[in-house]
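*Asks:* TSV, C-alpha atoms, saved as target-v4.tsv, coming up:
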chain	number	residue	atom	x	y	z
L	1	MET	CA	0.00	0.00	0.00
L	2	VAL	CA	1.09	3.58	-0.68
L	3	GLU	CA	1.26	6.01	2.24
L	4	VAL	CA	-0.25	9.38	1.36
L	5	ASP	CA	-1.30	12.54	3.13
L	6	HIS	CA	-5.01	13.34	2.94
L	7	PRO	CA	-7.37	15.55	4.94
L	8	VAL	CA	-9.77	12.82	6.10
L	9	SER	CA	-9.22	10.53	9.07
L	10	ILE	CA	-11.45	8.59	11.42
L	11	VAL	CA	-11.60	11.79	13.52
L	12	GLU	CA	-13.22	13.71	10.65
L	13	ILE	CA	-15.53	10.79	9.90
L	14	ARG	CA	-16.76	10.66	13.49
L	15	ALA	CA	-17.21	14.44	13.49
L	16	ALA	CA	-19.26	14.15	10.30
L	17	HIS	CA	-21.36	11.45	11.98
L	18	GLU	CA	-22.22	13.79	14.82
L	19	ARG	CA	-23.02	16.59	12.33
L	20	ILE	CA	-25.42	14.51	10.23
L	21	ARG	CA	-26.91	12.23	12.89
L	22	PRO	CA	-30.12	14.32	13.33
L	23	HIS	CA	-30.75	14.30	9.57
L	24	ILE	CA	-30.12	10.70	8.47
L	25	HIS	CA	-31.19	7.16	9.28
L	26	HIS	CA	-28.98	4.69	11.10
L	27	THR	CA	-29.80	2.06	8.50
L	28	PRO	CA	-30.30	-1.62	9.37
L	29	VAL	CA	-28.02	-4.54	8.57
L	30	LEU	CA	-29.86	-7.50	7.05
L	31	THR	CA	-28.79	-11.09	6.48
L	32	SER	CA	-30.06	-13.99	4.38
L	33	GLU	CA	-29.56	-17.63	5.37
L	34	GLY	CA	-30.15	-18.64	1.77
L	35	LEU	CA	-27.44	-16.34	0.41
L	36	ASN	CA	-25.06	-17.36	3.20
L	37	GLU	CA	-25.49	-21.05	2.37
L	38	ALA	CA	-25.23	-20.50	-1.37
L	39	ASN	CA	-21.98	-18.59	-1.03
L	40	GLY	CA	-20.34	-20.32	1.91
L	41	ALA	CA	-19.96	-17.07	3.81
L	42	SER	CA	-21.69	-14.90	6.40
L	43	LEU	CA	-22.97	-11.85	4.52
L	44	PHE	CA	-24.11	-8.67	6.27
L	45	PHE	CA	-25.91	-6.15	4.07
L	46	LYS	CA	-25.79	-2.50	5.20
L	47	CYS	CA	-29.06	-1.22	3.74
L	48	GLU	CA	-28.45	2.30	2.51
L	49	ASN	CA	-31.40	1.74	0.17
L	50	PHE	CA	-33.41	2.61	3.32
L	51	GLN	CA	-31.46	5.85	3.79
L	52	LYS	CA	-32.94	9.32	3.32
L	53	ILE	CA	-33.37	10.01	-0.44
L	54	GLY	CA	-32.98	6.25	-0.89
L	55	ALA	CA	-29.17	6.21	-1.04
L	56	PHE	CA	-25.96	6.62	0.98
L	57	LYS	CA	-25.36	9.94	-0.78
L	58	ALA	CA	-27.50	11.61	1.90
L	59	ARG	CA	-24.60	11.15	4.31
L	60	GLY	CA	-21.89	12.95	2.36
L	61	ALA	CA	-24.08	15.73	1.01
L	62	THR	CA	-25.53	16.51	4.43
L	63	SER	CA	-22.06	16.49	5.95
L	64	ALA	CA	-20.75	18.97	3.37
L	65	VAL	CA	-23.77	21.30	3.35
L	66	PHE	CA	-23.90	21.53	7.15
L	67	ALA	CA	-20.13	22.10	7.35
L	68	LEU	CA	-20.51	25.44	5.49
L	69	ASP	CA	-20.38	28.62	7.53
L	70	ASP	CA	-23.57	30.70	7.56
L	71	VAL	CA	-22.33	33.45	5.24
L	72	THR	CA	-21.14	31.00	2.59
L	73	ALA	CA	-24.26	28.85	2.91
L	74	GLN	CA	-26.59	31.76	2.17
L	75	GLN	CA	-25.15	31.96	-1.36
L	76	GLY	CA	-26.49	28.46	-1.97
L	77	VAL	CA	-24.92	25.24	-3.16
L	78	ALA	CA	-24.47	23.63	-6.56
L	79	THR	CA	-23.42	20.29	-7.97
L	80	HIS	CA	-23.64	18.08	-11.05
L	81	SER	CA	-25.11	14.62	-10.62
L	82	SER	CA	-26.92	11.84	-12.44
L	83	GLY	CA	-29.34	11.69	-9.55
L	84	ASN	CA	-28.67	10.43	-6.03
L	85	HIS	CA	-26.06	13.04	-5.08
L	86	GLY	CA	-28.19	15.76	-6.63
L	87	ALA	CA	-31.18	14.70	-4.57
L	88	ALA	CA	-29.01	14.50	-1.46
L	89	VAL	CA	-27.63	18.01	-1.96
L	90	ALA	CA	-31.13	19.34	-2.70
L	91	ARG	CA	-32.49	17.76	0.49
L	92	ALA	CA	-29.62	19.01	2.65
L	93	ALA	CA	-30.02	22.52	1.23
L	94	LYS	CA	-33.76	22.44	1.96
L	95	LEU	CA	-33.06	21.35	5.53
L	96	ARG	CA	-30.66	24.26	5.91
L	97	GLY	CA	-32.97	26.71	4.15
L	98	ILE	CA	-30.60	27.66	1.34
L	99	PRO	CA	-30.85	27.49	-2.48
L	100	ALA	CA	-29.70	24.41	-4.41
L	101	ASN	CA	-28.72	24.34	-8.10
L	102	ILE	CA	-28.35	20.90	-9.66
L	103	VAL	CA	-26.92	20.14	-13.12
L	104	MET	CA	-28.22	16.80	-14.41
L	105	PRO	CA	-27.38	14.85	-17.59
L	106	SER	CA	-30.27	14.71	-20.02
L	107	ASN	CA	-30.36	10.90	-19.76
L	108	SER	CA	-30.78	10.81	-15.96
L	109	ALA	CA	-33.31	8.30	-14.64
L	110	LYS	CA	-36.77	9.82	-14.28
L	111	VAL	CA	-37.10	8.64	-10.69
L	112	LYS	CA	-33.95	10.57	-9.80
L	113	ILE	CA	-35.07	13.73	-11.63
L	114	ARG	CA	-38.36	13.63	-9.73
L	115	ALA	CA	-36.49	13.28	-6.45
L	116	VAL	CA	-34.37	16.38	-7.09
L	117	GLU	CA	-37.46	18.34	-8.15
L	118	GLY	CA	-39.28	17.19	-5.03
L	119	TYR	CA	-36.76	18.94	-2.78
L	120	GLY	CA	-37.29	22.24	-4.58
L	121	ALA	CA	-33.91	22.51	-6.28
L	122	HIS	CA	-33.33	24.37	-9.53
L	123	ILE	CA	-32.37	21.82	-12.23
L	124	LEU	CA	-30.37	22.60	-15.34
L	125	PHE	CA	-30.00	19.78	-17.85
L	126	CYS	CA	-26.88	19.20	-19.94
L	127	GLU	CA	-25.43	16.72	-22.41
L	128	PRO	CA	-24.54	13.38	-20.79
L	129	THR	CA	-20.77	13.88	-20.78
L	130	GLU	CA	-18.38	14.68	-17.94
L	131	GLU	CA	-17.17	17.78	-19.77
L	132	ALA	CA	-20.71	19.13	-20.22
L	133	ARG	CA	-21.58	18.46	-16.59
L	134	GLU	CA	-18.51	20.25	-15.29
L	135	SER	CA	-18.70	23.25	-17.64
L	136	THR	CA	-22.44	23.76	-17.07
L	137	CYS	CA	-21.99	23.55	-13.32
L	138	ALA	CA	-19.04	25.97	-13.39
L	139	GLU	CA	-21.13	28.49	-15.31
L	140	MET	CA	-24.00	28.11	-12.85
L	141	ILE	CA	-21.63	28.73	-9.94
L	142	ARG	CA	-20.21	31.81	-11.69
L	143	LYS	CA	-23.71	33.25	-12.06
L	144	THR	CA	-25.06	32.41	-8.61
L	145	GLY	CA	-22.03	32.50	-6.30
L	146	ALA	CA	-23.06	29.08	-4.99
L	147	THR	CA	-20.55	26.69	-3.40
L	148	LEU	CA	-19.73	23.49	-5.27
L	149	ILE	CA	-20.57	20.32	-3.34
L	150	HIS	CA	-18.68	17.81	-5.46
L	151	SER	CA	-20.00	14.28	-5.24
L	152	PHE	CA	-16.65	12.73	-4.32
L	153	GLU	CA	-13.76	15.24	-4.48
L	154	ASN	CA	-14.77	16.91	-1.22
L	155	GLU	CA	-13.33	16.04	2.20
L	156	HIS	CA	-16.64	16.57	4.03
L	157	VAL	CA	-18.44	14.35	1.51
L	158	ILE	CA	-15.82	11.61	1.92
L	159	ALA	CA	-16.09	11.86	5.71
L	160	GLY	CA	-19.87	11.67	5.53
L	161	GLN	CA	-19.81	8.60	3.29
L	162	GLY	CA	-17.48	6.89	5.73
L	163	THR	CA	-20.14	7.00	8.43
L	164	ALA	CA	-21.96	4.06	6.81
L	165	ALA	CA	-18.92	1.85	7.43
L	166	VAL	CA	-18.63	3.14	11.01
L	167	GLU	CA	-22.20	2.04	11.71
L	168	LEU	CA	-21.64	-1.30	9.97
L	169	LEU	CA	-18.51	-2.14	11.94
L	170	GLU	CA	-20.09	-1.05	15.22
L	171	ASP	CA	-23.22	-3.12	14.55
L	172	VAL	CA	-21.43	-6.23	13.25
L	173	ARG	CA	-18.27	-7.31	15.02
L	174	ASN	CA	-15.30	-9.20	13.58
L	175	LEU	CA	-15.87	-8.62	9.88
L	176	ASP	CA	-13.14	-10.06	7.66
L	177	VAL	CA	-14.10	-8.08	4.55
L	178	VAL	CA	-16.03	-4.93	3.68
L	179	MET	CA	-17.25	-4.39	0.12
L	180	CYS	CA	-18.76	-1.49	-1.79
L	181	PRO	CA	-19.06	-0.26	-5.38
L	182	VAL	CA	-16.70	2.35	-6.80
L	183	GLY	CA	-17.49	5.16	-9.23
L	184	GLY	CA	-15.89	8.48	-8.32
L	185	GLY	CA	-14.56	6.95	-5.12
L	186	GLY	CA	-16.25	9.03	-2.40
L	187	LEU	CA	-17.88	6.06	-0.69
L	188	LEU	CA	-14.87	3.80	-1.18
L	189	SER	CA	-12.50	6.42	0.24
L	190	GLY	CA	-14.59	7.01	3.34
L	191	THR	CA	-15.31	3.31	3.79
L	192	ALA	CA	-11.66	2.34	3.51
L	193	ILE	CA	-10.45	4.99	5.97
L	194	ALA	CA	-13.14	4.07	8.50
L	195	ALA	CA	-12.73	0.32	8.14
L	196	LYS	CA	-8.93	0.25	8.33
L	197	SER	CA	-8.95	2.66	11.27
L	198	MET	CA	-11.47	0.65	13.25
L	199	ARG	CA	-10.26	-2.83	12.25
L	200	PRO	CA	-6.76	-2.72	10.68
L	201	GLN	CA	-6.79	-6.37	9.60
L	202	ILE	CA	-10.01	-6.05	7.57
L	203	LYS	CA	-9.86	-6.39	3.78
L	204	VAL	CA	-11.45	-3.56	1.80
L	205	ILE	CA	-12.60	-4.68	-1.64
L	206	ALA	CA	-14.31	-2.49	-4.23
L	207	VAL	CA	-16.29	-3.67	-7.23
L	208	GLU	CA	-16.81	-1.91	-10.55
L	209	PRO	CA	-18.67	-2.70	-13.78
L	210	ALA	CA	-16.32	-4.10	-16.42
L	211	ASN	CA	-17.77	-1.50	-18.79
L	212	ALA	CA	-16.61	1.31	-16.48
L	213	ASP	CA	-13.40	-0.10	-15.06
L	214	ASP	CA	-11.14	2.95	-14.75
L	215	ALA	CA	-10.71	2.49	-10.99
L	216	ALA	CA	-9.71	-1.16	-11.40
L	217	GLN	CA	-7.30	-0.28	-14.21
L	218	SER	CA	-5.84	2.54	-12.13
L	219	PHE	CA	-5.51	0.41	-9.01
L	220	HIS	CA	-3.65	-2.39	-10.76
L	221	ALA	CA	-1.46	-0.01	-12.78
L	222	GLY	CA	-0.55	2.05	-9.72
L	223	ARG	CA	-1.51	5.31	-11.43
L	224	ARG	CA	-4.79	7.06	-12.16
L	225	ILE	CA	-6.16	6.20	-15.61
L	226	VAL	CA	-9.05	8.12	-17.17
L	227	THR	CA	-11.15	6.06	-19.58
L	228	GLU	CA	-13.99	6.67	-22.00
L	229	LYS	CA	-16.98	4.96	-20.43
L	230	LYS	CA	-19.02	2.35	-22.23
L	231	PHE	CA	-22.66	1.96	-21.26
L	232	THR	CA	-23.34	0.34	-17.91
L	233	ILE	CA	-26.71	-0.21	-16.29
L	234	ALA	CA	-25.05	0.91	-13.03
L	235	ASP	CA	-25.65	4.57	-13.82
L	236	GLY	CA	-24.20	5.80	-10.55
L	237	LEU	CA	-20.79	4.32	-11.44
L	238	ARG	CA	-20.21	5.94	-14.83
L	239	THR	CA	-17.76	8.50	-13.42
L	240	ASN	CA	-13.97	8.25	-13.46
L	241	VAL	CA	-12.39	7.92	-10.03
L	242	GLY	CA	-11.31	11.24	-8.53
L	243	GLU	CA	-7.66	12.15	-8.07
L	244	PRO	CA	-7.75	12.70	-4.28
L	245	ASN	CA	-9.94	9.63	-3.94
L	246	PHE	CA	-7.48	7.49	-5.86
L	247	ARG	CA	-4.66	8.50	-3.53
L	248	ILE	CA	-6.74	7.30	-0.58
L	249	ILE	CA	-7.67	4.11	-2.44
L	250	GLN	CA	-3.98	3.36	-3.06
L	251	CYS	CA	-3.33	3.70	0.65
L	252	TYR	CA	-6.22	1.70	2.12
L	253	VAL	CA	-7.93	-0.56	-0.44
L	254	ASP	CA	-6.86	-4.18	-0.88
L	255	ASP	CA	-8.39	-4.95	-4.28
L	256	ILE	CA	-10.78	-3.75	-6.98
L	257	VAL	CA	-12.56	-6.37	-9.10
L	258	THR	CA	-14.95	-6.03	-12.02
L	259	VAL	CA	-18.23	-7.69	-13.00
L	260	SER	CA	-20.26	-8.08	-16.18
L	261	GLU	CA	-23.53	-6.32	-16.99
L	262	GLU	CA	-25.31	-9.69	-16.96
L	263	ALA	CA	-24.03	-10.40	-13.45
L	264	ILE	CA	-25.20	-6.98	-12.21
L	265	VAL	CA	-28.74	-7.63	-13.46
L	266	ALA	CA	-28.73	-11.15	-12.04
L	267	ALA	CA	-27.50	-9.93	-8.65
L	268	MET	CA	-30.09	-7.14	-8.54
L	269	ARG	CA	-32.85	-9.63	-9.22
L	270	THR	CA	-31.44	-12.10	-6.69
L	271	ILE	CA	-31.49	-9.49	-3.91
L	272	TRP	CA	-35.02	-8.41	-4.84
L	273	GLU	CA	-36.30	-12.00	-4.85
L	274	THR	CA	-34.29	-13.40	-1.92
L	275	MET	CA	-34.25	-10.50	0.54
L	276	LYS	CA	-37.51	-8.82	-0.58
L	277	ILE	CA	-35.88	-5.40	-0.79
L	278	ILE	CA	-35.35	-3.02	-3.73
L	279	ILE	CA	-31.82	-2.11	-4.72
L	280	GLU	CA	-30.66	-0.19	-7.78
L	281	PRO	CA	-28.11	-1.55	-10.28
L	282	SER	CA	-25.14	0.29	-8.75
L	283	ALA	CA	-25.94	-1.28	-5.37
L	284	ALA	CA	-25.99	-4.74	-6.93
L	285	VAL	CA	-22.41	-4.54	-8.20
L	286	PRO	CA	-20.70	-5.99	-5.07
L	287	CYS	CA	-23.37	-8.69	-4.91
L	288	ALA	CA	-22.55	-9.54	-8.52
L	289	ALA	CA	-18.92	-10.11	-7.54
L	290	ILE	CA	-20.05	-12.55	-4.85
L	291	LEU	CA	-22.35	-14.44	-7.23
L	292	GLU	CA	-19.66	-14.54	-9.95
L	293	ARG	CA	-17.05	-15.70	-7.40
L	294	ALA	CA	-14.86	-12.75	-8.40
L	295	ILE	CA	-13.56	-12.74	-4.82
L	296	GLU	CA	-12.93	-15.55	-2.35
L	297	LEU	CA	-15.26	-15.30	0.65
L	298	ASN	CA	-15.53	-18.94	1.71
L	299	GLY	CA	-15.90	-19.09	5.49
L	300	LYS	CA	-15.52	-15.34	5.87
L	301	ARG	CA	-17.71	-12.64	7.43
L	302	ALA	CA	-18.33	-9.95	4.82
L	303	GLY	CA	-20.08	-6.60	5.10
L	304	ILE	CA	-21.64	-5.30	1.88
L	305	ILE	CA	-22.87	-1.72	1.54
L	306	LEU	CA	-26.08	-1.72	-0.50
L	307	THR	CA	-25.74	1.81	-1.75
L	308	GLY	CA	-29.26	2.72	-2.88
L	309	GLY	CA	-32.70	1.71	-4.03
L	310	ASN	CA	-33.78	4.36	-6.54
L	311	VAL	CA	-34.99	2.34	-9.52
L	312	ASP	CA	-36.99	3.45	-12.54
L	313	LEU	CA	-39.81	0.92	-12.26
L	314	ASP	CA	-40.86	1.65	-15.86
L	315	ALA	CA	-37.50	0.40	-17.13
L	316	LEU	CA	-36.63	-2.72	-15.13
L	317	PRO	CA	-33.78	-4.66	-16.77
L	318	TRP	CA	-35.75	-7.92	-16.80
L	319	SER	CA	-38.99	-6.42	-18.15
L	320	PRO	CA	-40.14	-7.66	-21.59
In structure tokens, what does this structure look like?
*Replies:*
Amino acid sequence: MVEVDHPVSIVEIRAAHERIRPHIHHTPVLTSEGLNEANGASLFFKCENFQKIGAFKARGATSAVFALDDVTAQQGVATHSSGNHGAAVARAAKLRGIPANIVMPSNSAKVKIRAVEGYGAHILFCEPTEEARESTCAEMIRKTGATLIHSFENEHVIAGQGTAAVELLEDVRNLDVVMCPVGGGGLLSGTAIAAKSMRPQIKVIAVEPANADDAAQSFHAGRRIVTEKKFTIADGLRTNVGEPNFRIIQCYVDDIVTVSEEAIVAAMRTIWETMKIIIEPSAAVPCAAILERAIELNGKRAGIILTGGNVDLDALPWSP
């Protein structure tokens, strides 16, 4: 592992937890005897699909918005997001009574657009490219004076995301492995810092769609690689990993594996049918790695962060 300096530690994560505690759910951890038997492991699912706004993003956005001083906050906040982070920022801004400006790609899921609208944010649509998202958001910030709440390249966001792992490791003792998806790396960064700080011997494993595997490529090459994304059903993971996030990943993460689109759909359906809960495709990615045996969990106790449950029910991947 590579030792790096970064502004987030378990101290900041615990401070973020205190800051956001009145505004989030302490989500439950569920298990399934059937899935345990089928996979030869003890699996503990941290259900962030039951979180406010239906995703873990409520943690990081609330942490960052409530960390702003009053003068800065009154100018409002802005971000670009395909959905969950946008909804989380919009909700946090509403709670704080300040304006929220959200740039969304034109191909964002309808359920996520409705969620952002529901919190009263101003939405500006853009072309579905990283360049368009960033340039449109920068222009909005120039016009409004709002503060950017980046979805992963923000220390308060990273600290907030790490609170899910804190709860998981406090609720379930002696985990051997903790798993989560990786897109921009906000959740993975916070999870890895929290997990390694609380239980140094734990293995931190991230999972990524094979069609959006920049983090896996970067991890195994030992340098950050930016790739052109192919389509993946896991819409929350279509972003290249952030530079500060990758430095943290190099320091604390043990492995990043990839899974196929078919495995993501199969895992999503398996969780729906077996556990009777709704998860979105991005949340199914670590489960896909377990089903595909992309990692060895036999006899181990594994915590899996189910990141969200915001699904467009008019476009289910197994619908005719």
*Asks:* Please identify all polymer residues lying at most 7 Å from the point (-32.6, -0.7, -4.5) (file coordinates), using all atoms listed in the file, and present the result as an MDAnalysis selection string.
*Replies:* chainID L and resid 49 277:280 283 308:311
*Asks:* So what do you get for CA of Ser63 (chain L) versus CA of Ile149 (chain L), distance-wise?
*Replies:*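 Separating CA of Ser63 (chain L) from CA of Ile149 (chain L) is a distance of 10.2 Å.
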*Asks:* Here is a test: counting only C-alpha atoms, which residue of L:Ile304, L:Ala138, L:Val111, L:Ala16 is nearest to Val204 (chain L)?
*Replies:*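 For Val204 (chain L), the nearest of the candidates is L:Ile304.
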*Asks:* Counting only C-alpha atoms, which residue out of L:Phe56, L:Trp272, L:Phe246, L:Trp318 sits closest to Glu153 (chain L)?
*Replies:* L:Phe246
*Asks:* Within 12 Å of Pro281 (chain L), counting only C-alpha atoms, which residues qualify if same-chain residues fewer than 2 places away don't, as an mmCIF file with C-alpha atoms, keeping the file's coordinate frame?
*Replies:*
data_model
loop_
_atom_site.group_PDB
_atom_site.id
_atom_site.type_symbol
_atom_site.label_atom_id
_atom_site.label_comp_id
_atom_site.auth_asym_id
_atom_site.auth_seq_id
_atom_site.Cartn_x
_atom_site.Cartn_y
_atom_site.Cartn_z
ATOM 1 C CA ASN L 49 -31.400 1.740 0.170
ATOM 2 C CA ALA L 109 -33.310 8.300 -14.640
ATOM 3 C CA PRO L 181 -19.060 -0.260 -5.380
ATOM 4 C CA GLU L 208 -16.810 -1.910 -10.550
ATOM 5 C CA PRO L 209 -18.670 -2.700 -13.780
ATOM 6 C CA THR L 232 -23.340 0.340 -17.910
ATOM 7 C CA ILE L 233 -26.710 -0.210 -16.290
ATOM 8 C CA ALA L 234 -25.050 0.910 -13.030
ATOM 9 C CA ASP L 235 -25.650 4.570 -13.820
ATOM 10 C CA GLY L 236 -24.200 5.800 -10.550
ATOM 11 C CA LEU L 237 -20.790 4.320 -11.440
ATOM 12 C CA ARG L 238 -20.210 5.940 -14.830
ATOM 13 C CA VAL L 259 -18.230 -7.690 -13.000
ATOM 14 C CA SER L 260 -20.260 -8.080 -16.180
ATOM 15 C CA GLU L 261 -23.530 -6.320 -16.990
ATOM 16 C CA GLU L 262 -25.310 -9.690 -16.960
ATOM 17 C CA ALA L 263 -24.030 -10.400 -13.450
ATOM 18 C CA ILE L 264 -25.200 -6.980 -12.210
ATOM 19 C CA VAL L 265 -28.740 -7.630 -13.460
ATOM 20 C CA ALA L 266 -28.730 -11.150 -12.040
ATOM 21 C CA ALA L 267 -27.500 -9.930 -8.650
ATOM 22 C CA MET L 268 -30.090 -7.140 -8.540
ATOM 23 C CA ARG L 269 -32.850 -9.630 -9.220
ATOM 24 C CA THR L 270 -31.440 -12.100 -6.690
ATOM 25 C CA ILE L 271 -31.490 -9.490 -3.910
ATOM 26 C CA TRP L 272 -35.020 -8.410 -4.840
ATOM 27 C CA ILE L 278 -35.350 -3.020 -3.730
ATOM 28 C CA ILE L 279 -31.820 -2.110 -4.720
ATOM 29 C CA ALA L 283 -25.940 -1.280 -5.370
ATOM 30 C CA ALA L 284 -25.990 -4.740 -6.930
ATOM 31 C CA VAL L 285 -22.410 -4.540 -8.200
ATOM 32 C CA PRO L 286 -20.700 -5.990 -5.070
ATOM 33 C CA CYS L 287 -23.370 -8.690 -4.910
ATOM 34 C CA ALA L 288 -22.550 -9.540 -8.520
ATOM 35 C CA LEU L 306 -26.080 -1.720 -0.500
ATOM 36 C CA THR L 307 -25.740 1.810 -1.750
ATOM 37 C CA GLY L 308 -29.260 2.720 -2.880
ATOM 38 C CA GLY L 309 -32.700 1.710 -4.030
ATOM 39 C CA ASN L 310 -33.780 4.360 -6.540
ATOM 40 C CA VAL L 311 -34.990 2.340 -9.520
ATOM 41 C CA ASP L 312 -36.990 3.450 -12.540
ATOM 42 C CA ALA L 315 -37.500 0.400 -17.130
ATOM 43 C CA LEU L 316 -36.630 -2.720 -15.130
ATOM 44 C CA PRO L 317 -33.780 -4.660 -16.770
ATOM 45 C CA TRP L 318 -35.750 -7.920 -16.800
#
*Asks:* Please report the interatomic distance between CA of Gln51 (chain L) and CA of Leu291 (chain L) in Å with one decimal.
*Replies:*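 Between CA of Gln51 (chain L) and CA of Leu291 (chain L) the gap is 24.8 Å.
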*Asks:* For Cys180 (chain L), which residue among L:Leu68, L:Leu95, L:Ala194, L:Ala206 is the nearest when counting all atoms listed in the file?
*Replies:* L:Ala206
*Asks:* Smallest atom-to-atom distance to Asp70 (chain L): which of L:Lys203, L:Arg96, L:Arg173, L:His85, using all atoms listed in the file?
*Replies:* L:Arg96
*Asks:* Out of L:Ala73, L:Ala67, L:Val257, L:Ile10, which residue has the shortest atom-to-atom distance to Ile98 (chain L) when counting all atoms listed in the file?
*Replies:*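 Under the stated criterion, the closest residue is L:Ala73.
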*Asks:* Contacts of region 164-171 of chain L at 10 Å or less, counting all atoms listed in the file, minus same-chain residues fewer than 5 places along, as a ChimeraX atom specification?
*Replies:* /L:10,13-14,17,26-29,44-48,56,59-60,159,178-180,187-188,190-195,197-199,303-305,307
*Asks:* Considering only C-alpha atoms, return as a count of residues only whatever protein or nucleic-acid residues lie within 10 Å of Leu35 (chain L), sequence-local ones (same chain, fewer than 3 positions apart) excluded.
*Replies:* 14
*Asks:* Can you fill out region 264-279 of chain L with N, CA and C atoms and hand it back as a PDB file, keeping the file's coordinate frame?
*Replies:*
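Output file selection26.pdb follows:
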ATOM      1  N   ILE L 264     -24.573  -8.062 -12.981  1.00  0.00           N
ATOM      2  CA  ILE L 264     -25.200  -6.980 -12.210  1.00  0.00           C
ATOM      3  C   ILE L 264     -26.716  -7.155 -12.200  1.00  0.00           C
ATOM      4  N   VAL L 265     -27.290  -7.428 -13.367  1.00  0.00           N
ATOM      5  CA  VAL L 265     -28.740  -7.630 -13.460  1.00  0.00           C
ATOM      6  C   VAL L 265     -29.159  -8.848 -12.645  1.00  0.00           C
ATOM      7  N   ALA L 266     -28.400  -9.932 -12.773  1.00  0.00           N
ATOM      8  CA  ALA L 266     -28.730 -11.150 -12.040  1.00  0.00           C
ATOM      9  C   ALA L 266     -28.658 -10.930 -10.529  1.00  0.00           C
ATOM     10  N   ALA L 267     -27.648 -10.191 -10.084  1.00  0.00           N
ATOM     11  CA  ALA L 267     -27.500  -9.930  -8.650  1.00  0.00           C
ATOM     12  C   ALA L 267     -28.621  -9.032  -8.138  1.00  0.00           C
ATOM     13  N   MET L 268     -28.983  -8.032  -8.923  1.00  0.00           N
ATOM     14  CA  MET L 268     -30.090  -7.140  -8.540  1.00  0.00           C
ATOM     15  C   MET L 268     -31.366  -7.948  -8.359  1.00  0.00           C
ATOM     16  N   ARG L 269     -31.634  -8.817  -9.306  1.00  0.00           N
ATOM     17  CA  ARG L 269     -32.850  -9.630  -9.220  1.00  0.00           C
ATOM     18  C   ARG L 269     -32.781 -10.598  -8.038  1.00  0.00           C
ATOM     19  N   THR L 270     -31.609 -11.170  -7.807  1.00  0.00           N
ATOM     20  CA  THR L 270     -31.440 -12.100  -6.690  1.00  0.00           C
ATOM     21  C   THR L 270     -31.739 -11.432  -5.350  1.00  0.00           C
ATOM     22  N   ILE L 271     -31.235 -10.202  -5.167  1.00  0.00           N
ATOM     23  CA  ILE L 271     -31.490  -9.490  -3.910  1.00  0.00           C
ATOM     24  C   ILE L 271     -32.973  -9.160  -3.775  1.00  0.00           C
ATOM     25  N   TRP L 272     -33.583  -8.698  -4.871  1.00  0.00           N
ATOM     26  CA  TRP L 272     -35.020  -8.410  -4.840  1.00  0.00           C
ATOM     27  C   TRP L 272     -35.799  -9.653  -4.415  1.00  0.00           C
ATOM     28  N   GLU L 273     -35.516 -10.783  -5.058  1.00  0.00           N
ATOM     29  CA  GLU L 273     -36.300 -12.000  -4.850  1.00  0.00           C
ATOM     30  C   GLU L 273     -35.987 -12.673  -3.511  1.00  0.00           C
ATOM     31  N   THR L 274     -34.705 -12.671  -3.115  1.00  0.00           N
ATOM     32  CA  THR L 274     -34.290 -13.400  -1.920  1.00  0.00           C
ATOM     33  C   THR L 274     -34.535 -12.601  -0.640  1.00  0.00           C
ATOM     34  N   MET L 275     -34.177 -11.315  -0.668  1.00  0.00           N
ATOM     35  CA  MET L 275     -34.250 -10.500   0.540  1.00  0.00           C
ATOM     36  C   MET L 275     -35.494  -9.617   0.603  1.00  0.00           C
ATOM     37  N   LYS L 276     -36.247  -9.586  -0.522  1.00  0.00           N
ATOM     38  CA  LYS L 276     -37.510  -8.820  -0.580  1.00  0.00           C
ATOM     39  C   LYS L 276     -37.280  -7.325  -0.370  1.00  0.00           C
ATOM     40  N   ILE L 277     -36.164  -6.828  -0.859  1.00  0.00           N
ATOM     41  CA  ILE L 277     -35.880  -5.400  -0.790  1.00  0.00           C
ATOM     42  C   ILE L 277     -35.474  -4.908  -2.187  1.00  0.00           C
ATOM     43  N   ILE L 278     -35.689  -3.612  -2.434  1.00  0.00           N
ATOM     44  CA  ILE L 278     -35.350  -3.020  -3.730  1.00  0.00           C
ATOM     45  C   ILE L 278     -33.971  -2.380  -3.657  1.00  0.00           C
ATOM     46  N   ILE L 279     -33.101  -2.780  -4.568  1.00  0.00           N
ATOM     47  CA  ILE L 279     -31.820  -2.110  -4.720  1.00  0.00           C
ATOM     48  C   ILE L 279     -31.661  -1.699  -6.180  1.00  0.00           C
TER      49      ILE L 279
END
